[in-house]
$ cat start-v8.pdb   # PDB, C-alpha atoms and all ligand atoms
ATOM      1  CA  MET A   1      -5.456 -11.791  30.872
ATOM      2  CA  ARG A   2      -3.389 -11.361  27.717
ATOM      3  CA  THR A   3      -3.516  -8.088  25.781
ATOM      4  CA  GLY A   4      -2.276  -7.845  22.195
ATOM      5  CA  LEU A   5      -1.597  -4.769  20.077
ATOM      6  CA  TYR A   6      -2.328  -4.854  16.341
ATOM      7  CA  PRO A   7      -0.887  -1.648  14.886
ATOM      8  CA  GLY A   8      -1.346  -0.243  11.402
ATOM      9  CA  THR A   9      -2.433   2.699   9.304
ATOM     10  CA  PHE A  10      -5.792   1.222   8.269
ATOM     11  CA  ASP A  11      -6.220   3.695   5.398
ATOM     12  CA  PRO A  12      -8.803   2.219   5.008
ATOM     13  CA  VAL A  13      -9.452  -1.015   6.915
ATOM     14  CA  THR A  14      -9.735  -3.954   4.456
ATOM     15  CA  LEU A  15     -10.974  -7.538   4.583
ATOM     16  CA  GLY A  16      -7.292  -8.487   4.973
ATOM     17  CA  HIS A  17      -7.164  -6.522   8.239
ATOM     18  CA  VAL A  18     -10.520  -7.976   9.323
ATOM     19  CA  ASP A  19      -9.186 -11.492   8.725
ATOM     20  CA  ILE A  20      -6.088 -10.800  10.856
ATOM     21  CA  ILE A  21      -8.181  -9.231  13.641
ATOM     22  CA  GLY A  22     -10.393 -12.355  13.768
ATOM     23  CA  ARG A  23      -7.331 -14.597  14.035
ATOM     24  CA  ALA A  24      -5.715 -12.351  16.655
ATOM     25  CA  MET A  25      -8.834 -12.629  18.811
ATOM     26  CA  ALA A  26      -8.179 -16.361  19.119
ATOM     27  CA  LEU A  27      -4.754 -15.631  20.645
ATOM     28  CA  VAL A  28      -5.471 -12.817  23.113
ATOM     29  CA  ASP A  29      -8.213 -11.902  25.578
ATOM     30  CA  ARG A  30      -8.127  -8.222  24.726
ATOM     31  CA  LEU A  31      -7.024  -6.787  21.404
ATOM     32  CA  VAL A  32      -5.993  -3.169  21.052
ATOM     33  CA  ILE A  33      -5.993  -1.952  17.483
ATOM     34  CA  GLY A  34      -3.451   0.825  17.254
ATOM     35  CA  VAL A  35      -4.377   3.243  14.479
ATOM     36  CA  ALA A  36      -1.225   5.166  13.578
ATOM     37  CA  ILE A  37      -1.509   8.855  12.739
ATOM     38  CA  ASN A  38       1.232   8.230  10.167
ATOM     39  CA  ARG A  39       1.686  11.691   8.719
ATOM     40  CA  ASP A  40       4.545  10.390   6.540
ATOM     41  CA  LYS A  41       2.145   8.228   4.545
ATOM     42  CA  SER A  42      -0.278  11.177   3.906
ATOM     43  CA  PRO A  43      -3.363   9.039   4.555
ATOM     44  CA  LEU A  44      -6.464   9.470   2.378
ATOM     45  CA  PHE A  45      -8.741   9.327   5.422
ATOM     46  CA  THR A  46      -8.289  11.397   8.579
ATOM     47  CA  LEU A  47      -7.362   9.649  11.798
ATOM     48  CA  GLU A  48     -10.947  10.096  13.050
ATOM     49  CA  GLU A  49     -12.372   8.534   9.886
ATOM     50  CA  ARG A  50      -9.959   5.597  10.023
ATOM     51  CA  VAL A  51     -10.721   4.990  13.708
ATOM     52  CA  ALA A  52     -14.493   5.122  13.056
ATOM     53  CA  MET A  53     -14.209   2.630  10.175
ATOM     54  CA  VAL A  54     -12.092   0.210  12.265
ATOM     55  CA  GLN A  55     -14.561   0.554  15.165
ATOM     56  CA  ALA A  56     -17.485  -0.323  12.902
ATOM     57  CA  GLU A  57     -15.695  -3.455  11.641
ATOM     58  CA  CYS A  58     -14.758  -4.482  15.170
ATOM     59  CA  ALA A  59     -18.345  -4.300  16.389
ATOM     60  CA  ALA A  60     -19.196  -7.067  13.900
ATOM     61  CA  ILE A  61     -16.097  -9.095  14.802
ATOM     62  CA  THR A  62     -16.779  -9.069  18.573
ATOM     63  CA  LEU A  63     -20.324 -10.232  17.917
ATOM     64  CA  ARG A  64     -18.808 -13.209  16.113
ATOM     65  CA  THR A  65     -15.784 -13.996  18.295
ATOM     66  CA  GLY A  66     -16.582 -12.535  21.720
ATOM     67  CA  GLY A  67     -13.650 -10.962  23.576
ATOM     68  CA  GLU A  68     -12.771  -7.303  23.843
ATOM     69  CA  ILE A  69     -11.459  -5.012  21.124
ATOM     70  CA  VAL A  70     -10.344  -1.458  21.800
ATOM     71  CA  VAL A  71      -9.419   0.984  19.037
ATOM     72  CA  HIS A  72      -6.577   3.257  20.107
ATOM     73  CA  PRO A  73      -5.092   6.065  17.981
ATOM     74  CA  PHE A  74      -1.366   6.543  18.562
ATOM     75  CA  GLU A  75       1.492   8.729  17.418
ATOM     76  CA  ASN A  76       4.301   7.648  19.710
ATOM     77  CA  LEU A  77       6.790   4.836  19.392
ATOM     78  CA  LEU A  78       5.110   1.466  18.843
ATOM     79  CA  ILE A  79       6.825  -0.116  21.821
ATOM     80  CA  ASP A  80       5.702   2.774  24.066
ATOM     81  CA  CYS A  81       2.162   2.386  22.746
ATOM     82  CA  ALA A  82       2.336  -1.338  23.602
ATOM     83  CA  ARG A  83       3.476  -0.495  27.143
ATOM     84  CA  ASP A  84       0.769   2.223  27.497
ATOM     85  CA  VAL A  85      -2.019  -0.212  26.656
ATOM     86  CA  GLY A  86      -0.529  -3.099  28.688
ATOM     87  CA  ALA A  87       0.171  -5.300  25.642
ATOM     88  CA  THR A  88       2.679  -8.146  25.968
ATOM     89  CA  VAL A  89       2.420  -9.137  22.335
ATOM     90  CA  ILE A  90       2.424  -7.172  19.065
ATOM     91  CA  LEU A  91       0.492  -8.772  16.210
ATOM     92  CA  ARG A  92       1.331  -8.103  12.592
ATOM     93  CA  GLY A  93       0.031  -9.541   9.351
ATOM     94  CA  LEU A  94       2.340 -10.897   6.675
ATOM     95  CA  ARG A  95       1.215 -10.736   3.063
ATOM     96  CA  ALA A  96       4.171 -11.662   0.932
ATOM     97  CA  VAL A  97       7.924 -11.914   0.949
ATOM     98  CA  ALA A  98       7.968  -8.183   0.261
ATOM     99  CA  ASP A  99       6.612  -7.492   3.777
ATOM    100  CA  PHE A 100       9.262  -9.680   5.366
ATOM    101  CA  GLU A 101      12.319  -7.438   5.089
ATOM    102  CA  TYR A 102      10.665  -4.461   6.784
ATOM    103  CA  GLU A 103       8.958  -6.564   9.460
ATOM    104  CA  PHE A 104      12.234  -8.384  10.158
ATOM    105  CA  GLN A 105      13.949  -5.058  10.867
ATOM    106  CA  MET A 106      11.051  -3.841  13.002
ATOM    107  CA  VAL A 107      11.189  -6.932  15.208
ATOM    108  CA  GLY A 108      14.924  -6.520  15.677
ATOM    109  CA  MET A 109      14.618  -2.862  16.642
ATOM    110  CA  ASN A 110      11.593  -3.355  18.875
ATOM    111  CA  ARG A 111      13.243  -6.275  20.638
ATOM    112  CA  ALA A 112      16.283  -4.118  21.347
ATOM    113  CA  LEU A 113      13.972  -1.472  22.833
ATOM    114  CA  ASP A 114      11.962  -3.917  24.955
ATOM    115  CA  ALA A 115      12.817  -7.626  25.008
ATOM    116  CA  SER A 116       9.713  -8.482  27.030
ATOM    117  CA  ILE A 117       7.298  -7.717  24.181
ATOM    118  CA  GLU A 118       7.024 -10.484  21.588
ATOM    119  CA  THR A 119       5.911  -9.974  17.967
ATOM    120  CA  VAL A 120       3.678 -12.582  16.372
ATOM    121  CA  PHE A 121       2.942 -12.802  12.625
ATOM    122  CA  LEU A 122      -0.323 -13.989  11.183
ATOM    123  CA  MET A 123      -1.356 -14.772   7.633
ATOM    124  CA  ALA A 124      -4.782 -14.117   6.224
ATOM    125  CA  ASP A 125      -6.905 -16.636   4.373
ATOM    126  CA  ALA A 126      -5.530 -17.252   0.843
ATOM    127  CA  ARG A 127      -8.290 -15.156  -0.787
ATOM    128  CA  ARG A 128      -7.417 -12.188   1.405
ATOM    129  CA  GLN A 129      -3.638 -12.371   1.431
ATOM    130  CA  ALA A 130      -3.097 -10.045  -1.488
ATOM    131  CA  ILE A 131      -5.390  -7.265  -0.285
ATOM    132  CA  ALA A 132      -3.544  -4.016   0.411
ATOM    133  CA  SER A 133      -5.088  -0.644   1.331
ATOM    134  CA  LYS A 134      -2.847   1.058  -1.210
ATOM    135  CA  LEU A 135      -4.163  -1.018  -4.141
ATOM    136  CA  VAL A 136      -7.765  -0.799  -2.923
ATOM    137  CA  LYS A 137      -7.466   3.018  -3.016
ATOM    138  CA  GLU A 138      -6.014   2.887  -6.507
ATOM    139  CA  ILE A 139      -8.870   0.676  -7.766
ATOM    140  CA  ALA A 140     -11.492   2.921  -6.117
ATOM    141  CA  ARG A 141      -9.864   6.063  -7.509
ATOM    142  CA  LEU A 142     -10.131   4.641 -11.011
ATOM    143  CA  GLY A 143     -13.775   3.694 -10.498
ATOM    144  CA  GLY A 144     -13.248  -0.077 -10.093
ATOM    145  CA  ASP A 145     -15.236  -2.483  -7.916
ATOM    146  CA  VAL A 146     -13.672  -2.919  -4.470
ATOM    147  CA  SER A 147     -16.442  -5.073  -3.000
ATOM    148  CA  LYS A 148     -14.179  -8.151  -2.788
ATOM    149  CA  PHE A 149     -11.621  -6.243  -0.712
ATOM    150  CA  VAL A 150     -13.549  -4.086   1.776
ATOM    151  CA  THR A 151     -16.951  -4.112   3.510
ATOM    152  CA  PRO A 152     -19.837  -2.084   1.998
ATOM    153  CA  PRO A 153     -19.460   0.911   4.396
ATOM    154  CA  VAL A 154     -15.758   1.229   3.531
ATOM    155  CA  ALA A 155     -16.515   0.902  -0.210
ATOM    156  CA  ALA A 156     -19.089   3.696   0.179
ATOM    157  CA  ALA A 157     -16.586   5.897   2.024
ATOM    158  CA  LEU A 158     -14.032   5.360  -0.761
ATOM    159  CA  ALA A 159     -16.591   6.142  -3.481
ATOM    160  CA  ALA A 160     -17.649   9.321  -1.657
ATOM    161  CA  ARG A 161     -14.054  10.447  -1.172
ATOM    162  CA  TYR A 162     -13.100  10.014  -4.809
ATOM    163  CA  ALA A 163     -16.396  11.446  -6.097
ATOM    164  CA  ARG A 164     -15.620  14.604  -4.137
ATOM    165  CA  ALA A 165     -12.056  14.664  -5.430
ATOM    166  CA  GLY A 166     -13.468  14.428  -8.979
TER     167      GLY A 166
HETATM  168  P1  LIG B 201       1.256  -0.313   8.098
HETATM  169  O1  LIG B 201       1.400   1.115   7.691
HETATM  170  O2  LIG B 201       1.692  -0.582   9.513
HETATM  171  O3  LIG B 201       1.828  -1.324   7.117
HETATM  172  P2  LIG B 201      -1.347  -1.304   7.269
HETATM  173  O4  LIG B 201      -2.675  -0.763   7.661
HETATM  174  O5  LIG B 201      -1.001  -1.286   5.824
HETATM  175  O6  LIG B 201      -0.320  -0.511   8.147
HETATM  176  O7  LIG B 201      -1.204  -2.796   7.773
HETATM  177  C1  LIG B 201      -1.323  -3.114   9.138
HETATM  178  C2  LIG B 201      -0.899  -4.549   9.355
HETATM  179  O8  LIG B 201      -1.821  -5.412   8.689
HETATM  180  C3  LIG B 201       0.472  -4.887   8.797
HETATM  181  O9  LIG B 201       1.077  -5.842   9.641
HETATM  182  C4  LIG B 201       0.151  -5.517   7.457
HETATM  183  O10 LIG B 201       1.163  -6.416   7.033
HETATM  184  C5  LIG B 201      -1.138  -6.267   7.803
HETATM  185  N1  LIG B 201      -1.972  -6.524   6.636
HETATM  186  C6  LIG B 201      -2.594  -5.643   5.834
HETATM  187  N2  LIG B 201      -3.274  -6.261   4.847
HETATM  188  C7  LIG B 201      -3.077  -7.598   5.041
HETATM  189  C8  LIG B 201      -3.499  -8.796   4.354
HETATM  190  N3  LIG B 201      -4.248  -8.738   3.249
HETATM  191  N4  LIG B 201      -3.088  -9.989   4.843
HETATM  192  C9  LIG B 201      -2.301 -10.042   5.947
HETATM  193  N5  LIG B 201      -1.865  -8.964   6.636
HETATM  194  C10 LIG B 201      -2.247  -7.760   6.191
END
$ encode --input "start-v8.pdb" --output "structure tokens"
Amino acid sequence: MRTGLYPGTFDPVTLGHVDIIGRAMALVDRLVIGVAINRDKSPLFTLEERVAMVQAECAAITLRTGGEIVVHPFENLLIDCARDVGATVILRGLRAVADFEYEFQMVGMNRALDASIETVFLMADARRQAIASKLVKEIARLGGDVSKFVTPPVAAALAARYARAG
């Protein structure tokens, strides 16, 4: 049984993430989605909110793909998280050339820490490649329509958050 770890901030989970999760399910038997606490990025949503949103998306994905998805918050080193959950492969999404430099460094460092864990990169469907949580938040903050980028519950959560913020 092959376990994969798909780590990220998921602030909030987008249709880009959902696309990658669906593809990852075709490669592993059990997918652990590692939701990073990521204090450095000052997330808009709390860890609990991000985990709940990812869990809701995953319920729909497992209905479609079968297999097992576990949502796992983590704060430690990625490679330690992978070991903790028994993952032999780390899955990451690649959007554009801009992602490459950082991901390239991450693979090098993680491989030096544990050569037995492989990193695999996936690309979303063309219509979903450009979606980024950061831009979705910016559009929602300015009152734009995010329905092409996130599911309705996530769009509602964004609208509620920015309505409260004024
Ligand atoms: P991080 O802080 O680790 O970048 P994100 O939640 O922004 O967390 O992204 C998690 C992973 O999902 C990363 O590998 C990122 O490249 C990937 N990803 C996010 N959006 C997309 C997308 N639209 N297409 C492909 N991969 C994506």
$ resolve_selection --input "start-v8.pdb" --expression "the PyMOL selection byres (((chain A and resi 14) around 9) and not hetatm)" --output "PDB file with C-alpha atoms, in the frame of the given file"
ATOM      1  CA  PHE A  10      -5.792   1.222   8.269  1.00  0.00           C
ATOM      2  CA  ASP A  11      -6.220   3.695   5.398  1.00  0.00           C
ATOM      3  CA  PRO A  12      -8.803   2.219   5.008  1.00  0.00           C
ATOM      4  CA  VAL A  13      -9.452  -1.015   6.915  1.00  0.00           C
ATOM      5  CA  LEU A  15     -10.974  -7.538   4.583  1.00  0.00           C
ATOM      6  CA  GLY A  16      -7.292  -8.487   4.973  1.00  0.00           C
ATOM      7  CA  HIS A  17      -7.164  -6.522   8.239  1.00  0.00           C
ATOM      8  CA  VAL A  18     -10.520  -7.976   9.323  1.00  0.00           C
ATOM      9  CA  ASP A  19      -9.186 -11.492   8.725  1.00  0.00           C
ATOM     10  CA  ILE A 131      -5.390  -7.265  -0.285  1.00  0.00           C
ATOM     11  CA  ALA A 132      -3.544  -4.016   0.411  1.00  0.00           C
ATOM     12  CA  SER A 133      -5.088  -0.644   1.331  1.00  0.00           C
ATOM     13  CA  VAL A 136      -7.765  -0.799  -2.923  1.00  0.00           C
ATOM     14  CA  PHE A 149     -11.621  -6.243  -0.712  1.00  0.00           C
ATOM     15  CA  VAL A 150     -13.549  -4.086   1.776  1.00  0.00           C
ATOM     16  CA  THR A 151     -16.951  -4.112   3.510  1.00  0.00           C
ATOM     17  CA  VAL A 154     -15.758   1.229   3.531  1.00  0.00           C
TER      18      VAL A 154
END
$ closest_residue --input "start-v8.pdb" --among "A:Ala98, A:Ala60, A:Ala26, A:Ala115" --to "ligand LIG 201 (chain B)" --atoms "only C-alpha atoms and all ligand atoms"
A:Ala98
$ closest_residue --input "start-v8.pdb" --among "A:Pro43, A:Pro152, A:Arg30, A:Thr88" --to "A:Asp114" --atoms "all atoms listed in the file"
A:Thr88
$ atom_distance --input "start-v8.pdb" --atom1 "atom CA of A:Glu118" --atom2 "atom CA of A:Ala96"
20.9 Å
$ atom_distance --input "start-v8.pdb" --atom1 "atom CA of A:Met53" --atom2 "atom C1 of ligand LIG 201 (chain B)"
14.1 Å
$ closest_residue --input "start-v8.pdb" --among "A:Leu63, A:Ala87, A:Val70, A:Met123" --to "A:Met1" --atoms "only C-alpha atoms"
A:Ala87
$ atom_distance --input "start-v8.pdb" --atom1 "atom CA of A:Gly93" --atom2 "atom CA of A:Ala160"
28.1 Å
$ resolve_selection --input "start-v8.pdb" --expression "the PyMOL selection byres (((chain A and resi 29) around 8) and not hetatm)" --output "compact mmCIF listing (two decimals) with C-alpha atoms, in the coordinates of the input"
# COMPACT_ATOMS: atom_id res chain seq x y z
CA MET A 1 -5.46 -11.79 30.87
CA ARG A 2 -3.39 -11.36 27.72
CA THR A 3 -3.52 -8.09 25.78
CA GLY A 4 -2.28 -7.84 22.20
CA MET A 25 -8.83 -12.63 18.81
CA ALA A 26 -8.18 -16.36 19.12
CA LEU A 27 -4.75 -15.63 20.64
CA VAL A 28 -5.47 -12.82 23.11
CA ARG A 30 -8.13 -8.22 24.73
CA LEU A 31 -7.02 -6.79 21.40
CA GLY A 67 -13.65 -10.96 23.58
CA GLU A 68 -12.77 -7.30 23.84
$ residues_around --input "start-v8.pdb" --residues "stretch 71-73 of chain A" --least-positions-apart "6" --cutoff "6 Å" --atoms "only C-alpha atoms" --output "count of residues only"
5
$ residues_around --input "start-v8.pdb" --residues "A:Arg95" --least-positions-apart "3" --cutoff "7 Å" --atoms "all atoms listed in the file" --output "PyMOL selection string"
chain A and resi 99+123+129-130
$ axis_aligned_box --input "start-v8.pdb" --around "stretch 50-53 of chain A" --padding-each-side "3 Å" --output "JSON"
{"center_x": -12.2, "center_y": 4.1, "center_z": 11.9, "size_x": 10.5, "size_y": 9.0, "size_z": 9.7}
$ closest_residue --input "start-v8.pdb" --among "A:Arg64, A:Arg161, A:Arg141, A:Lys148" --to "ligand LIG 201 (chain B)" --atoms "all atoms listed in the file"
A:Lys148
$ closest_residue --input "start-v8.pdb" --among "A:Gly144, A:Pro7, A:Pro153, A:Gly86" --to "A:Ile117" --atoms "all atoms listed in the file"
A:Gly86
$ resolve_selection --input "start-v8.pdb" --expression "the PyMOL selection byres (((chain A and resi 121) around 9) and not hetatm)" --output "PyMOL selection string"
chain A and resi 90-94+119-120+122-123
$ closest_residue --input "start-v8.pdb" --among "A:Tyr102, A:Ala157, A:Arg128, A:Asp145" --to "ligand LIG 201 (chain B)" --atoms "all atoms listed in the file"
A:Arg128
